[in-house]
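A.B. asks: Here you go, model27.pdb (PDB, C-alpha atoms and all ligand atoms):
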```pdb
MODEL        1
ATOM      1  CA  MET A 181      11.077 -19.896  -3.656  1.00  0.00           C
ATOM      2  CA  HIS A 182       7.765 -21.646  -3.109  1.00  0.00           C
ATOM      3  CA  LEU A 183       4.106 -20.729  -3.209  1.00  0.00           C
ATOM      4  CA  ARG A 184       2.763 -19.237   0.021  1.00  0.00           C
ATOM      5  CA  THR A 185      -0.849 -19.671   1.057  1.00  0.00           C
ATOM      6  CA  PHE A 186      -2.993 -17.623   3.399  1.00  0.00           C
ATOM      7  CA  PRO A 187      -2.337 -16.717   6.239  1.00  0.00           C
ATOM      8  CA  ASP A 188       1.456 -16.772   5.686  1.00  0.00           C
ATOM      9  CA  PRO A 189       2.630 -13.451   7.228  1.00  0.00           C
ATOM     10  CA  VAL A 190       4.583 -12.444   4.096  1.00  0.00           C
ATOM     11  CA  LEU A 191       1.231 -12.142   2.274  1.00  0.00           C
ATOM     12  CA  LEU A 192      -0.041  -9.602   4.779  1.00  0.00           C
ATOM     13  CA  ARG A 193       2.845  -7.105   4.602  1.00  0.00           C
ATOM     14  CA  PRO A 194       3.263  -4.216   2.136  1.00  0.00           C
ATOM     15  CA  SER A 195       6.165  -4.866  -0.268  1.00  0.00           C
ATOM     16  CA  ALA A 196       9.250  -2.701  -0.835  1.00  0.00           C
ATOM     17  CA  PRO A 197      10.042  -0.972  -4.159  1.00  0.00           C
ATOM     18  CA  VAL A 198      12.721  -2.494  -6.405  1.00  0.00           C
ATOM     19  CA  GLU A 199      15.752  -0.231  -6.795  1.00  0.00           C
ATOM     20  CA  VAL A 200      18.330  -2.513  -8.429  1.00  0.00           C
ATOM     21  CA  PHE A 201      17.677  -4.151 -11.806  1.00  0.00           C
ATOM     22  CA  ASP A 202      20.330  -6.853 -11.918  1.00  0.00           C
ATOM     23  CA  ASP A 203      20.767 -10.519 -12.814  1.00  0.00           C
ATOM     24  CA  PRO A 204      19.617 -11.818  -9.398  1.00  0.00           C
ATOM     25  CA  LEU A 205      16.354  -9.885  -9.941  1.00  0.00           C
ATOM     26  CA  ARG A 206      15.893 -11.481 -13.366  1.00  0.00           C
ATOM     27  CA  GLU A 207      16.658 -14.939 -11.938  1.00  0.00           C
ATOM     28  CA  LYS A 208      13.912 -14.473  -9.350  1.00  0.00           C
ATOM     29  CA  LEU A 209      11.528 -13.400 -12.122  1.00  0.00           C
ATOM     30  CA  ALA A 210      12.299 -16.578 -14.070  1.00  0.00           C
ATOM     31  CA  GLU A 211      11.428 -18.582 -10.957  1.00  0.00           C
ATOM     32  CA  MET A 212       8.169 -16.686 -10.565  1.00  0.00           C
ATOM     33  CA  TRP A 213       7.168 -17.494 -14.170  1.00  0.00           C
ATOM     34  CA  SER A 214       7.957 -21.130 -13.632  1.00  0.00           C
ATOM     35  CA  ILE A 215       5.895 -21.314 -10.415  1.00  0.00           C
ATOM     36  CA  MET A 216       2.991 -19.423 -12.041  1.00  0.00           C
ATOM     37  CA  TYR A 217       2.797 -21.846 -14.975  1.00  0.00           C
ATOM     38  CA  THR A 218       3.290 -24.919 -12.789  1.00  0.00           C
ATOM     39  CA  GLU A 219       0.406 -23.802 -10.565  1.00  0.00           C
ATOM     40  CA  LYS A 220      -1.737 -22.934 -13.605  1.00  0.00           C
ATOM     41  CA  GLY A 221      -2.141 -19.303 -12.637  1.00  0.00           C
ATOM     42  CA  VAL A 222      -2.594 -16.253 -14.862  1.00  0.00           C
ATOM     43  CA  GLY A 223      -0.783 -13.922 -12.466  1.00  0.00           C
ATOM     44  CA  LEU A 224       1.600 -14.041  -9.531  1.00  0.00           C
ATOM     45  CA  ALA A 225       2.850 -11.361  -7.130  1.00  0.00           C
ATOM     46  CA  ALA A 226       6.258 -11.598  -5.456  1.00  0.00           C
ATOM     47  CA  PRO A 227       4.904 -11.863  -1.870  1.00  0.00           C
ATOM     48  CA  GLN A 228       3.129 -15.062  -2.962  1.00  0.00           C
ATOM     49  CA  VAL A 229       6.534 -16.699  -3.276  1.00  0.00           C
ATOM     50  CA  GLY A 230       7.894 -15.136  -0.087  1.00  0.00           C
ATOM     51  CA  TRP A 231       9.603 -12.179  -1.754  1.00  0.00           C
ATOM     52  CA  SER A 232       8.421  -8.879  -0.303  1.00  0.00           C
ATOM     53  CA  ALA A 233       9.053  -6.748  -3.423  1.00  0.00           C
ATOM     54  CA  ARG A 234       6.826  -4.638  -5.674  1.00  0.00           C
ATOM     55  CA  VAL A 235       6.963  -7.167  -8.490  1.00  0.00           C
ATOM     56  CA  LEU A 236       4.290  -9.093 -10.357  1.00  0.00           C
ATOM     57  CA  VAL A 237       4.036 -11.173 -13.496  1.00  0.00           C
ATOM     58  CA  PHE A 238       0.955 -12.032 -15.499  1.00  0.00           C
ATOM     59  CA  ASN A 239      -0.159 -13.754 -18.665  1.00  0.00           C
ATOM     60  CA  PRO A 240      -3.924 -13.622 -19.345  1.00  0.00           C
ATOM     61  CA  SER A 241      -3.763 -16.719 -21.602  1.00  0.00           C
ATOM     62  CA  GLY A 242      -2.131 -18.782 -18.841  1.00  0.00           C
ATOM     63  CA  GLU A 243      -0.240 -20.571 -21.635  1.00  0.00           C
ATOM     64  CA  GLN A 244       3.506 -20.541 -22.123  1.00  0.00           C
ATOM     65  CA  SER A 245       2.841 -20.991 -25.840  1.00  0.00           C
ATOM     66  CA  ASP A 246       0.981 -17.637 -25.984  1.00  0.00           C
ATOM     67  CA  GLU A 247       2.832 -14.889 -24.186  1.00  0.00           C
ATOM     68  CA  SER A 248       1.512 -12.033 -26.361  1.00  0.00           C
ATOM     69  CA  GLY A 249      -0.228 -10.500 -23.339  1.00  0.00           C
ATOM     70  CA  ALA A 250       2.425 -11.462 -20.777  1.00  0.00           C
ATOM     71  CA  ARG A 251       4.094  -8.687 -18.772  1.00  0.00           C
ATOM     72  CA  VAL A 252       6.735  -8.309 -16.068  1.00  0.00           C
ATOM     73  CA  VAL A 253       5.526  -5.439 -13.891  1.00  0.00           C
ATOM     74  CA  ILE A 254       7.844  -3.797 -11.353  1.00  0.00           C
ATOM     75  CA  ASN A 255       7.003  -0.802  -9.132  1.00  0.00           C
ATOM     76  CA  PRO A 256       3.549  -0.364 -10.730  1.00  0.00           C
ATOM     77  CA  LYS A 257       1.433   2.773 -10.381  1.00  0.00           C
ATOM     78  CA  VAL A 258      -2.170   3.200 -11.504  1.00  0.00           C
ATOM     79  CA  LEU A 259      -2.374   6.650 -13.129  1.00  0.00           C
ATOM     80  CA  LYS A 260      -6.061   6.487 -13.988  1.00  0.00           C
ATOM     81  CA  ARG A 261      -8.953   4.052 -13.674  1.00  0.00           C
ATOM     82  CA  TRP A 262     -12.349   3.817 -15.375  1.00  0.00           C
ATOM     83  CA  GLY A 263     -15.515   1.735 -15.236  1.00  0.00           C
ATOM     84  CA  LYS A 264     -16.575  -0.863 -12.677  1.00  0.00           C
ATOM     85  CA  VAL A 265     -17.060  -4.596 -13.164  1.00  0.00           C
ATOM     86  CA  LYS A 266     -17.985  -7.348 -10.735  1.00  0.00           C
ATOM     87  CA  ASP A 267     -16.580 -10.765 -11.585  1.00  0.00           C
ATOM     88  CA  GLN A 268     -15.307 -13.943  -9.967  1.00  0.00           C
ATOM     89  CA  GLU A 269     -11.682 -14.178  -8.801  1.00  0.00           C
ATOM     90  CA  GLY A 270      -9.491 -16.905  -7.461  1.00  0.00           C
ATOM     91  CA  CYS A 271      -5.975 -16.712  -6.029  1.00  0.00           C
ATOM     92  CA  LEU A 272      -3.139 -19.259  -5.886  1.00  0.00           C
ATOM     93  CA  SER A 273      -2.754 -18.341  -2.201  1.00  0.00           C
ATOM     94  CA  PHE A 274      -6.420 -19.313  -1.562  1.00  0.00           C
ATOM     95  CA  PRO A 275      -6.912 -22.688  -3.252  1.00  0.00           C
ATOM     96  CA  GLU A 276     -10.555 -23.667  -3.896  1.00  0.00           C
ATOM     97  CA  ILE A 277     -11.895 -20.210  -3.018  1.00  0.00           C
ATOM     98  CA  TYR A 278     -13.660 -18.091  -5.651  1.00  0.00           C
ATOM     99  CA  VAL A 279     -15.419 -14.836  -4.835  1.00  0.00           C
ATOM    100  CA  ASP A 280     -17.002 -11.924  -6.666  1.00  0.00           C
ATOM    101  CA  VAL A 281     -14.888  -8.763  -6.526  1.00  0.00           C
ATOM    102  CA  VAL A 282     -15.664  -5.334  -7.967  1.00  0.00           C
ATOM    103  CA  ARG A 283     -12.727  -3.850  -9.904  1.00  0.00           C
ATOM    104  CA  ALA A 284     -12.179  -0.998 -12.336  1.00  0.00           C
ATOM    105  CA  ALA A 285     -12.877  -2.099 -15.931  1.00  0.00           C
ATOM    106  CA  GLY A 286      -9.604  -0.532 -17.039  1.00  0.00           C
ATOM    107  CA  VAL A 287      -6.491   1.167 -15.703  1.00  0.00           C
ATOM    108  CA  ARG A 288      -3.695   3.297 -17.103  1.00  0.00           C
ATOM    109  CA  LEU A 289      -0.645   1.557 -15.678  1.00  0.00           C
ATOM    110  CA  GLN A 290       2.915   2.809 -15.377  1.00  0.00           C
ATOM    111  CA  TRP A 291       5.626   0.337 -14.409  1.00  0.00           C
ATOM    112  CA  GLN A 292       9.237  -0.713 -14.898  1.00  0.00           C
ATOM    113  CA  ASP A 293      10.387  -3.856 -16.666  1.00  0.00           C
ATOM    114  CA  GLU A 294      13.198  -6.217 -15.629  1.00  0.00           C
ATOM    115  CA  HIS A 295      15.784  -3.777 -17.025  1.00  0.00           C
ATOM    116  CA  GLY A 296      14.335  -0.730 -15.259  1.00  0.00           C
ATOM    117  CA  ALA A 297      12.780   0.799 -18.412  1.00  0.00           C
ATOM    118  CA  VAL A 298       9.526   2.682 -17.762  1.00  0.00           C
ATOM    119  CA  HIS A 299       6.339   1.617 -19.588  1.00  0.00           C
ATOM    120  CA  GLU A 300       2.843   3.039 -19.719  1.00  0.00           C
ATOM    121  CA  GLU A 301      -0.188   1.245 -21.135  1.00  0.00           C
ATOM    122  CA  ASP A 302      -3.978   1.261 -20.925  1.00  0.00           C
ATOM    123  CA  ILE A 303      -5.074  -2.177 -19.742  1.00  0.00           C
ATOM    124  CA  ASN A 304      -8.703  -3.325 -19.940  1.00  0.00           C
ATOM    125  CA  ASP A 305     -11.012  -6.214 -19.083  1.00  0.00           C
ATOM    126  CA  PHE A 306      -9.489  -9.495 -17.812  1.00  0.00           C
ATOM    127  CA  PRO A 307      -5.862  -8.265 -17.857  1.00  0.00           C
ATOM    128  CA  ALA A 308      -6.972  -5.184 -15.863  1.00  0.00           C
ATOM    129  CA  ARG A 309      -8.595  -7.458 -13.291  1.00  0.00           C
ATOM    130  CA  ILE A 310      -5.398  -9.517 -12.976  1.00  0.00           C
ATOM    131  CA  VAL A 311      -3.252  -6.390 -12.556  1.00  0.00           C
ATOM    132  CA  GLN A 312      -5.536  -4.983  -9.849  1.00  0.00           C
ATOM    133  CA  HIS A 313      -5.631  -8.314  -8.022  1.00  0.00           C
ATOM    134  CA  GLU A 314      -1.829  -8.676  -8.120  1.00  0.00           C
ATOM    135  CA  MET A 315      -1.313  -5.033  -7.093  1.00  0.00           C
ATOM    136  CA  ASP A 316      -3.471  -5.706  -4.021  1.00  0.00           C
ATOM    137  CA  HIS A 317      -0.888  -8.352  -3.049  1.00  0.00           C
ATOM    138  CA  LEU A 318       1.826  -5.660  -3.019  1.00  0.00           C
ATOM    139  CA  GLU A 319      -0.140  -3.871  -0.271  1.00  0.00           C
ATOM    140  CA  GLY A 320      -0.882  -7.035   1.701  1.00  0.00           C
ATOM    141  CA  VAL A 321      -4.525  -6.903   0.579  1.00  0.00           C
ATOM    142  CA  LEU A 322      -5.967 -10.351  -0.130  1.00  0.00           C
ATOM    143  CA  LEU A 323      -9.140 -12.056  -1.337  1.00  0.00           C
ATOM    144  CA  VAL A 324     -10.156 -12.498   2.294  1.00  0.00           C
ATOM    145  CA  HIS A 325     -10.193  -8.681   2.637  1.00  0.00           C
ATOM    146  CA  ARG A 326     -12.256  -8.256  -0.551  1.00  0.00           C
ATOM    147  CA  MET A 327     -14.829 -10.912   0.363  1.00  0.00           C
ATOM    148  CA  SER A 328     -18.405 -10.065   1.198  1.00  0.00           C
ATOM    149  CA  PRO A 329     -19.544 -11.076   4.699  1.00  0.00           C
ATOM    150  CA  VAL A 330     -21.646 -13.790   3.044  1.00  0.00           C
ATOM    151  CA  ASP A 331     -18.593 -15.261   1.260  1.00  0.00           C
ATOM    152  CA  ARG A 332     -16.604 -15.126   4.477  1.00  0.00           C
ATOM    153  CA  ILE A 333     -19.221 -17.310   6.129  1.00  0.00           C
ATOM    154  CA  ARG A 334     -19.533 -19.534   3.066  1.00  0.00           C
ATOM    155  CA  TYR A 335     -15.774 -20.192   3.013  1.00  0.00           C
ATOM    156  CA  ARG A 336     -15.296 -20.285   6.779  1.00  0.00           C
ATOM    157  CA  ARG A 337     -14.229 -23.930   6.761  1.00  0.00           C
ATOM    158  CA  GLU A 338     -11.769 -23.541   3.832  1.00  0.00           C
ATOM    159  CA  LEU A 339     -10.162 -20.522   5.527  1.00  0.00           C
ATOM    160  CA  ALA A 340      -9.876 -22.365   8.832  1.00  0.00           C
ATOM    161  CA  GLU A 341      -8.279 -25.353   7.062  1.00  0.00           C
ATOM    162  CA  LEU A 342      -5.708 -23.112   5.370  1.00  0.00           C
ATOM    163  CA  ALA A 343      -4.786 -21.581   8.734  1.00  0.00           C
ATOM    164  CA  GLU A 344      -4.498 -25.044  10.267  1.00  0.00           C
ATOM    165  CA  SER A 345      -2.265 -26.474   7.529  1.00  0.00           C
ATOM    166  CA  LEU A 346       0.130 -23.529   7.967  1.00  0.00           C
ATOM    167  CA  GLU A 347       0.306 -24.091  11.720  1.00  0.00           C
ATOM    168  CA  THR A 348       0.921 -27.814  11.514  1.00  0.00           C
ATOM    169  CA  ALA A 349       3.592 -28.024   8.798  1.00  0.00           C
ATOM    170  CA  PRO A 350       5.495 -24.769   8.319  1.00  0.00           C
ATOM    171  CA  GLU A 351       8.932 -26.453   8.098  1.00  0.00           C
ATOM    172  CA  GLU A 352       8.014 -29.022   5.484  1.00  0.00           C
ATOM    173  CA  ARG A 353       6.924 -26.282   3.113  1.00  0.00           C
ATOM    174  CA  ALA A 354      10.299 -24.483   2.960  1.00  0.00           C
TER     175      ALA A 354
HETATM  176 CO    CO A 401      -3.715 -13.630  -5.592  1.00  0.00          CO
ENDMDL
END
```
For the file at hand, write its structure as structure tokens.
C.D. replies:
Amino acid sequence: MHLRTFPDPVLLRPSAPVEVFDDPLREKLAEMWSIMYTEKGVGLAAPQVGWSARVLVFNPSGEQSDESGARVVINPKVLKRWGKVKDQEGCLSFPEIYVDVVRAAGVRLQWQDEHGAVHEEDINDFPARIVQHEMDHLEGVLLVHRMSPVDRIRYRRELAELAESLETAPEERA
């Protein structure tokens, strides 16, 4: 597993639901946590590490020493959403790019954990933004799709450089 950056094709595909909750699944989750912390992220979706599955992990503190808000989220569904907030977002798959995105202020989320147990929770504010961002990844929806036309022009060079680096060295990244 390694971090994939835009425009890696795995990032642009919808992911498949998880049906088997076994040890190999939990091993992949452990790898996702490790990559997320190494890259200093607060959330990571499975397609970002080349795994096309409806899986995401997040920890709003970003700190391994504080995992009170950390969740493993598998096969998530938003049952309800409320409010609207515009705020800045980044993405590990778009290094150096930060854009304003409008999201719901809160969501009622239903999901399964790494053992298949079903959970439901109202999630608000920053954690709600992370969840919505990571759930976009499961549909192949990325920051580049959420950008305003102005941001797309502003980050034209960064986006072109990302595309170029993927073309020139795909093998070295495996
Ligand atoms: Co992202």
A.B. asks: Give as a list in words the set of residues within 12 Å of the point (0.9, 2.3, -12.5), where distances use the file's coordinates and only C-alpha atoms.
C.D. replies: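 Every residue inside that radius is included here: Arg234, Val235, Val253, Ile254, Asn255, Pro256, Lys257, Val258, Leu259, Lys260, Arg261, Gly286, Val287, Arg288, Leu289, Gln290, Trp291, Gln292, Val298, His299, Glu300, Glu301, Asp302, Ile303, Ala308, Val311, Gln312 and Met315 of chain A.
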A.B. asks: Could you give me, as a PyMOL selection string, every polymer residue with an atom at most 6 Å away from an atom of ligand CO 401 (chain A), counting all atoms listed in the file?
C.D. replies: chain A and resi 271-273+314
A.B. asks: Let me see the file: selected residues, C-alpha atoms, as a PDB file, in the frame of the given file.
C.D. replies:
```pdb
ATOM      1  CA  CYS A 271      -5.975 -16.712  -6.029  1.00  0.00           C
ATOM      2  CA  LEU A 272      -3.139 -19.259  -5.886  1.00  0.00           C
ATOM      3  CA  SER A 273      -2.754 -18.341  -2.201  1.00  0.00           C
ATOM      4  CA  GLU A 314      -1.829  -8.676  -8.120  1.00  0.00           C
TER       5      GLU A 314
END
```
A.B. asks: Let me know the residues the PyMOL selection byres (((chain A and resi 306) around 12) and not hetatm) catches in the file above, as a PyMOL selection string.
C.D. replies: chain A and resi 222-223+238-242+249+265-269+283-287+303-305+307-313
A.B. asks: Expanded to explicit residues, what is the PyMOL selection byres (((chain A and resi 209) around 10) and not hetatm) for this file, as a ChimeraX atom specification?
C.D. replies: /A:203-208,210-215,226,235-237,252,294
A.B. asks: Between atom CA of Phe186 of chain A and atom CA of Ile333 of chain A, what is the distance, to one decimal in Å?
C.D. replies: 16.5 Å
A.B. asks: Of the candidates A:Met181, A:His295, A:Val229, A:Glu344, which shows the shortest atom-to-atom distance to Val200 of chain A, using all atoms listed in the file?
C.D. replies: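 That would be A:His295, the residue with the smallest distance to Val200 of chain A.
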A.B. asks: Do a neighbour search on Pro194 of chain A at 6 Å with only C-alpha atoms, toss out local chain neighbours closer than 2 positions, and write the hits as a list in words.
C.D. replies: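 Near neighbours after the sequence-gap exclusion: Leu318, Glu319 and Gly320 of chain A.
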A.B. asks: Which of these, A:Trp231, A:Tyr217, A:Tyr278, A:Trp262, has the shortest distance to Arg193 of chain A once you count all atoms listed in the file?
C.D. replies: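 Under the stated criterion, the closest residue is A:Trp231.
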